[in-house]
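Asks: If you scroll down you'll find the structure; I have some questions about it.
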Amino acid sequence: MKIASWNVNSLNVRLPHLEQWLKDFGPDIVGIQETKLEDHKFPDSALIAAGYRSVFAGQKTYNGVALVSREPAQDVQIGIPGFEDEQKRVIAGTFGDLRVINLYVVNGQDIGTDKYEYKLRWLEAVHAWIAEELQRHPKLIVMGDFNIAPDARDVHDPEVWNENHILTSTAERGALTKLLQLGLHDGFRLHNDEAGTFSWWDYRAAGFRRNLGLRIDLNLVSDALKGNVVASGIDREPRTWERPSDHAPAWVQLG
C-alpha cells in the first residue's frame, strides 16, 4: 500500500498535476493540503473518474484538506475535537484497520507573533487528540505539511534555519518531538539517513534548481506500523512540471 502527503497549493490550479500523478505513481491514499477550495467546488467527479474517492473540508482562498483514496474513507473527522478553529486544517479517516490523520499545520509567520502562539496552541491540541486516537487505532499514520523541519539534515542551511527561526525554532521542534514520543516514527527516516532531501522549495531565487529547500512534509507512522514500512521517499518529479506546487509528494509504502 502506497500512502502519500502532498501540499498542492491550490487544487484548482494543480488538479491536472494531481490527476497525472495519481496515474503515474498509483497511491492508495493521498492526504492533500492547501486545496484552497470551498467544498462545492471540490473536483469530486474528476477524481472519481480517475478511480479515487474523496472526503474534504475546504474554504475560499486559504487552507483546505482532503483525503483521496481508492477505497472510501470511513469514520471521517473534520477538525480537532474540542478545539474551536474556523480554519480547515484537519481531516481524518479510517481505511480497514488503518487510521489516517491529515494535517495542514499552521505556518506561524514568525517567532513571537500571534500566529506563532496560535501554532503552538494548535500543536498542543493536536497532540492531545492524537494521544487518544492511538488508543483507539494502533495502526495510525499522521501525515501532512507540518511546517516544521525536524532537524539540521532537513534544511539547506542550518545556520539560517536555526533554533531562532520560524519552522525550526526550539518550541516548534519540541512540539514535533513530543508528538513522536507518543509512539510515532518519521517514515522517511526509517529508510533514509542522508541530509539534503527536501519536500519544499521557495518559488523565488531558483530555490528548486539550487535545492534550497526544507523537508517539512512528513508521514509519521505508529509503533504498530513501523515494521511494515518497506520504503519511503519524496517524489520530486511533480515539482519539475509547469506551474508546480512549491511542495513535492512525500510517501511511504507499507508491505
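Letters A, B, ... go to the chains of the C-alpha cells in the order shown; residues in each chain start at 1; ligands are counted from 1 in the same order.
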Identify, on the basis of only C-alpha atoms, every residue whose closest approach to range 51-53 of chain A does not exceed 10 Å; exclude the query and any residue fewer than 6 positions from it along the same chain; express the result as a VMD selection string.

Replies: chain A and resid 19 22 to 23 27 to 30 44 to 45 67 to 73

Asks: For Trp161 in chain A, find every residue with an atom within 12 Å (counting only C-alpha atoms), except residues of its own chain fewer than 2 positions away, and show them as an MDAnalysis selection string.

Replies: chainID A and resid 148:159 163:170 173 212:215

Asks: Mind writing the picked residues with N, CA and C atoms as a short mmCIF file (atom, residue, chain, number, x, y, z; two decimals), in the first residue's frame?

Replies:
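Writing done, so here's out37.cif:
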```
data_model
loop_
_atom_site.label_atom_id
_atom_site.label_comp_id
_atom_site.auth_asym_id
_atom_site.auth_seq_id
_atom_site.Cartn_x
_atom_site.Cartn_y
_atom_site.Cartn_z
N ILE A 148 7.29 22.28 9.93
CA ILE A 148 8.41 22.11 10.88
C ILE A 148 9.43 21.20 10.21
N ALA A 149 10.66 21.64 10.12
CA ALA A 149 11.75 20.79 9.63
C ALA A 149 12.37 20.09 10.84
N PRO A 150 12.35 18.76 10.89
CA PRO A 150 12.72 18.05 12.12
C PRO A 150 14.12 18.32 12.65
N ASP A 151 15.13 18.36 11.78
CA ASP A 151 16.49 18.60 12.29
C ASP A 151 17.35 19.21 11.19
N ALA A 152 18.63 19.37 11.50
CA ALA A 152 19.54 20.09 10.60
C ALA A 152 19.67 19.42 9.23
N ARG A 153 19.46 18.10 9.16
CA ARG A 153 19.52 17.42 7.87
C ARG A 153 18.41 17.85 6.94
N ASP A 154 17.37 18.44 7.51
CA ASP A 154 16.15 18.73 6.75
C ASP A 154 16.06 20.17 6.29
N VAL A 155 17.17 20.91 6.37
CA VAL A 155 17.21 22.30 5.90
C VAL A 155 18.46 22.49 5.05
N HIS A 156 18.38 23.40 4.09
CA HIS A 156 19.54 23.58 3.20
C HIS A 156 20.66 24.37 3.85
N ASP A 157 20.32 25.16 4.88
CA ASP A 157 21.34 25.96 5.56
C ASP A 157 21.01 26.01 7.06
N PRO A 158 21.60 25.12 7.84
CA PRO A 158 21.30 25.09 9.28
C PRO A 158 21.69 26.36 10.03
N GLU A 159 22.60 27.13 9.48
CA GLU A 159 22.99 28.38 10.16
C GLU A 159 21.87 29.41 10.08
N GLU A 163 17.52 27.55 15.76
CA GLU A 163 16.55 27.49 16.86
C GLU A 163 15.78 28.78 17.06
N ASN A 164 16.21 29.85 16.38
CA ASN A 164 15.52 31.13 16.49
C ASN A 164 14.78 31.52 15.21
N HIS A 165 14.55 30.55 14.34
CA HIS A 165 13.91 30.81 13.04
C HIS A 165 12.57 30.07 12.99
N ILE A 166 11.60 30.69 12.36
CA ILE A 166 10.32 30.02 12.17
C ILE A 166 10.52 28.73 11.37
N LEU A 167 9.76 27.72 11.66
CA LEU A 167 9.80 26.35 11.09
C LEU A 167 10.90 25.48 11.69
N THR A 168 11.85 26.10 12.38
CA THR A 168 12.93 25.31 13.00
C THR A 168 13.20 25.74 14.44
N SER A 169 12.32 26.52 15.01
CA SER A 169 12.56 27.03 16.36
C SER A 169 12.50 25.92 17.40
N THR A 170 13.07 26.20 18.53
CA THR A 170 13.12 25.22 19.62
C THR A 170 11.72 24.76 20.01
N ARG A 173 10.11 22.51 17.10
CA ARG A 173 10.72 21.18 17.07
C ARG A 173 10.40 20.40 18.33
N LEU A 212 17.51 24.65 -2.63
CA LEU A 212 17.43 25.43 -1.39
C LEU A 212 16.08 25.13 -0.75
N GLY A 213 16.00 24.00 -0.10
CA GLY A 213 14.70 23.53 0.37
C GLY A 213 14.66 23.17 1.83
N LEU A 214 13.49 22.67 2.21
CA LEU A 214 13.24 22.16 3.56
C LEU A 214 12.45 20.87 3.44
N ARG A 215 12.62 19.97 4.39
CA ARG A 215 11.74 18.79 4.46
C ARG A 215 10.75 19.05 5.59
#
```

Asks: Enumerate as a ChimeraX atom specification all residues of range 121-255 of chain A assigned to strand (DSSP E) by DSSP on the backbone, naming them with the chain letters and numbers the document uses.

Replies: /A:140-145,184-186,200-201,213-214,217-222,229-234,250-254

Asks: In Å, with one decimal, what is the gap from CA of Leu18 in chain A to CA of Lys115 in chain A?

Replies: 29.9 Å

Asks: Name all residues at most 9 Å from His17 in chain A (count only C-alpha atoms; drop same-chain ones fewer than 4 positions away) and give them as an NGL selection string.

Replies: :A and (8 or 11 or 13 or 21-22 or 238 or 241 or 244)

Asks: Dump all heavy atoms for the selected residues as a PDB file, in the first residue's frame?

Replies:
```
ATOM      1  N   VAL A   8      -0.704  20.748  -2.392  1.00  0.00           N
ATOM      2  CA  VAL A   8      -0.812  21.083  -3.820  1.00  0.00           C
ATOM      3  C   VAL A   8      -0.843  22.583  -4.080  1.00  0.00           C
ATOM      4  O   VAL A   8      -0.755  23.016  -5.230  1.00  0.00           O
ATOM      5  CB  VAL A   8      -2.050  20.422  -4.464  1.00  0.00           C
ATOM      6  CG1 VAL A   8      -1.931  18.905  -4.417  1.00  0.00           C
ATOM      7  CG2 VAL A   8      -3.343  20.895  -3.795  1.00  0.00           C
ATOM      8  N   LEU A  11      -5.790  23.350  -5.426  1.00  0.00           N
ATOM      9  CA  LEU A  11      -6.246  22.226  -6.242  1.00  0.00           C
ATOM     10  C   LEU A  11      -6.878  22.706  -7.542  1.00  0.00           C
ATOM     11  O   LEU A  11      -6.861  22.001  -8.553  1.00  0.00           O
ATOM     12  CB  LEU A  11      -7.237  21.371  -5.448  1.00  0.00           C
ATOM     13  CG  LEU A  11      -7.619  20.018  -6.042  1.00  0.00           C
ATOM     14  CD1 LEU A  11      -6.388  19.201  -6.424  1.00  0.00           C
ATOM     15  CD2 LEU A  11      -8.496  19.246  -5.066  1.00  0.00           C
ATOM     16  N   VAL A  13      -5.723  25.012  -9.424  1.00  0.00           N
ATOM     17  CA  VAL A  13      -4.605  25.155 -10.361  1.00  0.00           C
ATOM     18  C   VAL A  13      -3.948  23.808 -10.627  1.00  0.00           C
ATOM     19  O   VAL A  13      -3.576  23.490 -11.770  1.00  0.00           O
ATOM     20  CB  VAL A  13      -3.563  26.148  -9.803  1.00  0.00           C
ATOM     21  CG1 VAL A  13      -2.329  26.220 -10.696  1.00  0.00           C
ATOM     22  CG2 VAL A  13      -4.185  27.527  -9.629  1.00  0.00           C
ATOM     23  N   TRP A  21      -0.311  12.590 -11.521  1.00  0.00           N
ATOM     24  CA  TRP A  21       0.486  11.906 -10.508  1.00  0.00           C
ATOM     25  C   TRP A  21      -0.237  10.669  -9.981  1.00  0.00           C
ATOM     26  O   TRP A  21       0.398   9.628  -9.739  1.00  0.00           O
ATOM     27  CB  TRP A  21       0.819  12.875  -9.379  1.00  0.00           C
ATOM     28  CG  TRP A  21       1.769  12.284  -8.388  1.00  0.00           C
ATOM     29  CD1 TRP A  21       3.102  12.051  -8.558  1.00  0.00           C
ATOM     30  CD2 TRP A  21       1.435  11.827  -7.079  1.00  0.00           C
ATOM     31  NE1 TRP A  21       3.627  11.485  -7.413  1.00  0.00           N
ATOM     32  CE2 TRP A  21       2.630  11.343  -6.502  1.00  0.00           C
ATOM     33  CE3 TRP A  21       0.260  11.801  -6.342  1.00  0.00           C
ATOM     34  CZ2 TRP A  21       2.667  10.819  -5.217  1.00  0.00           C
ATOM     35  CZ3 TRP A  21       0.296  11.288  -5.056  1.00  0.00           C
ATOM     36  CH2 TRP A  21       1.493  10.798  -4.504  1.00  0.00           C
ATOM     37  N   LEU A  22      -1.540  10.745  -9.819  1.00  0.00           N
ATOM     38  CA  LEU A  22      -2.297   9.561  -9.406  1.00  0.00           C
ATOM     39  C   LEU A  22      -2.129   8.441 -10.422  1.00  0.00           C
ATOM     40  O   LEU A  22      -1.976   7.265 -10.066  1.00  0.00           O
ATOM     41  CB  LEU A  22      -3.774   9.908  -9.239  1.00  0.00           C
ATOM     42  CG  LEU A  22      -4.141  10.833  -8.073  1.00  0.00           C
ATOM     43  CD1 LEU A  22      -5.613  11.204  -8.147  1.00  0.00           C
ATOM     44  CD2 LEU A  22      -3.821  10.193  -6.723  1.00  0.00           C
ATOM     45  N   PRO A 238       6.886  15.909  -9.739  1.00  0.00           N
ATOM     46  CA  PRO A 238       5.864  16.939  -9.967  1.00  0.00           C
ATOM     47  C   PRO A 238       6.361  18.366  -9.761  1.00  0.00           C
ATOM     48  O   PRO A 238       5.769  19.308 -10.314  1.00  0.00           O
ATOM     49  CB  PRO A 238       4.775  16.583  -8.942  1.00  0.00           C
ATOM     50  CG  PRO A 238       4.953  15.128  -8.692  1.00  0.00           C
ATOM     51  CD  PRO A 238       6.434  14.921  -8.753  1.00  0.00           C
ATOM     52  N   TRP A 241       7.279  20.060 -13.071  1.00  0.00           N
ATOM     53  CA  TRP A 241       6.249  20.321 -14.073  1.00  0.00           C
ATOM     54  C   TRP A 241       5.936  21.809 -14.186  1.00  0.00           C
ATOM     55  O   TRP A 241       6.283  22.602 -13.299  1.00  0.00           O
ATOM     56  CB  TRP A 241       4.980  19.539 -13.728  1.00  0.00           C
ATOM     57  CG  TRP A 241       5.163  18.055 -13.779  1.00  0.00           C
ATOM     58  CD1 TRP A 241       6.191  17.372 -14.368  1.00  0.00           C
ATOM     59  CD2 TRP A 241       4.319  17.058 -13.204  1.00  0.00           C
ATOM     60  NE1 TRP A 241       6.030  16.008 -14.186  1.00  0.00           N
ATOM     61  CE2 TRP A 241       4.886  15.798 -13.485  1.00  0.00           C
ATOM     62  CE3 TRP A 241       3.127  17.106 -12.473  1.00  0.00           C
ATOM     63  CZ2 TRP A 241       4.305  14.603 -13.066  1.00  0.00           C
ATOM     64  CZ3 TRP A 241       2.549  15.923 -12.058  1.00  0.00           C
ATOM     65  CH2 TRP A 241       3.130  14.687 -12.353  1.00  0.00           C
ATOM     66  N   PRO A 244       4.169  24.364 -11.036  1.00  0.00           N
ATOM     67  CA  PRO A 244       4.076  23.351  -9.991  1.00  0.00           C
ATOM     68  C   PRO A 244       3.679  23.942  -8.639  1.00  0.00           C
ATOM     69  O   PRO A 244       3.795  25.150  -8.402  1.00  0.00           O
ATOM     70  CB  PRO A 244       5.496  22.802  -9.914  1.00  0.00           C
ATOM     71  CG  PRO A 244       6.344  24.000 -10.219  1.00  0.00           C
ATOM     72  CD  PRO A 244       5.578  24.756 -11.285  1.00  0.00           C
TER      73      PRO A 244
END
```

Asks: Restricting the calculation to only C-alpha atoms: of A:Asp223, A:Asp75, A:Asp202, A:Asp217, which residue gets closest to Trp251 in chain A?

Replies: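 For Trp251 in chain A, the nearest of the given residues is A:Asp217.
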
Asks: Any idea what's packed within 12 Å of Asp85 in chain A, counting only C-alpha atoms, ignoring anything in its chain fewer than 2 positions away? Could you give it as a VMD selection string?

Replies: chain A and resid 78 to 83 87 to 90 106 118 to 119 121 to 122 125

Asks: Could you save those same residues with C-alpha atoms as an mmCIF file, in the first residue's frame?

Replies:
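Final file, part-v6.cif:
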```cif
data_model
loop_
_atom_site.group_PDB
_atom_site.id
_atom_site.type_symbol
_atom_site.label_atom_id
_atom_site.label_comp_id
_atom_site.auth_asym_id
_atom_site.auth_seq_id
_atom_site.Cartn_x
_atom_site.Cartn_y
_atom_site.Cartn_z
ATOM 1 C CA ILE A 78 -13.013 17.158 10.353
ATOM 2 C CA GLY A 79 -11.130 19.471 12.684
ATOM 3 C CA ILE A 80 -9.558 18.819 16.074
ATOM 4 C CA PRO A 81 -12.224 17.660 18.530
ATOM 5 C CA GLY A 82 -12.789 20.236 21.252
ATOM 6 C CA PHE A 83 -10.577 22.867 19.612
ATOM 7 C CA GLN A 87 -9.506 27.234 9.595
ATOM 8 C CA LYS A 88 -9.847 23.985 7.638
ATOM 9 C CA ARG A 89 -6.621 22.214 8.530
ATOM 10 C CA VAL A 90 -7.502 18.714 9.704
ATOM 11 C CA VAL A 106 -0.127 26.371 10.988
ATOM 12 C CA TYR A 118 -1.625 30.037 17.698
ATOM 13 C CA LYS A 119 0.615 27.425 16.054
ATOM 14 C CA ARG A 121 -1.630 26.049 20.880
ATOM 15 C CA TRP A 122 -2.802 24.212 17.781
ATOM 16 C CA ALA A 125 -4.417 20.355 20.824
#
```

Asks: Figure out the distance between CA of Leu140 in chain A and CA of Arg99 in chain A, please, to one decimal in Å.

Replies: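 Calculated distance between CA of Arg99 in chain A and CA of Leu140 in chain A is 4.8 Å.
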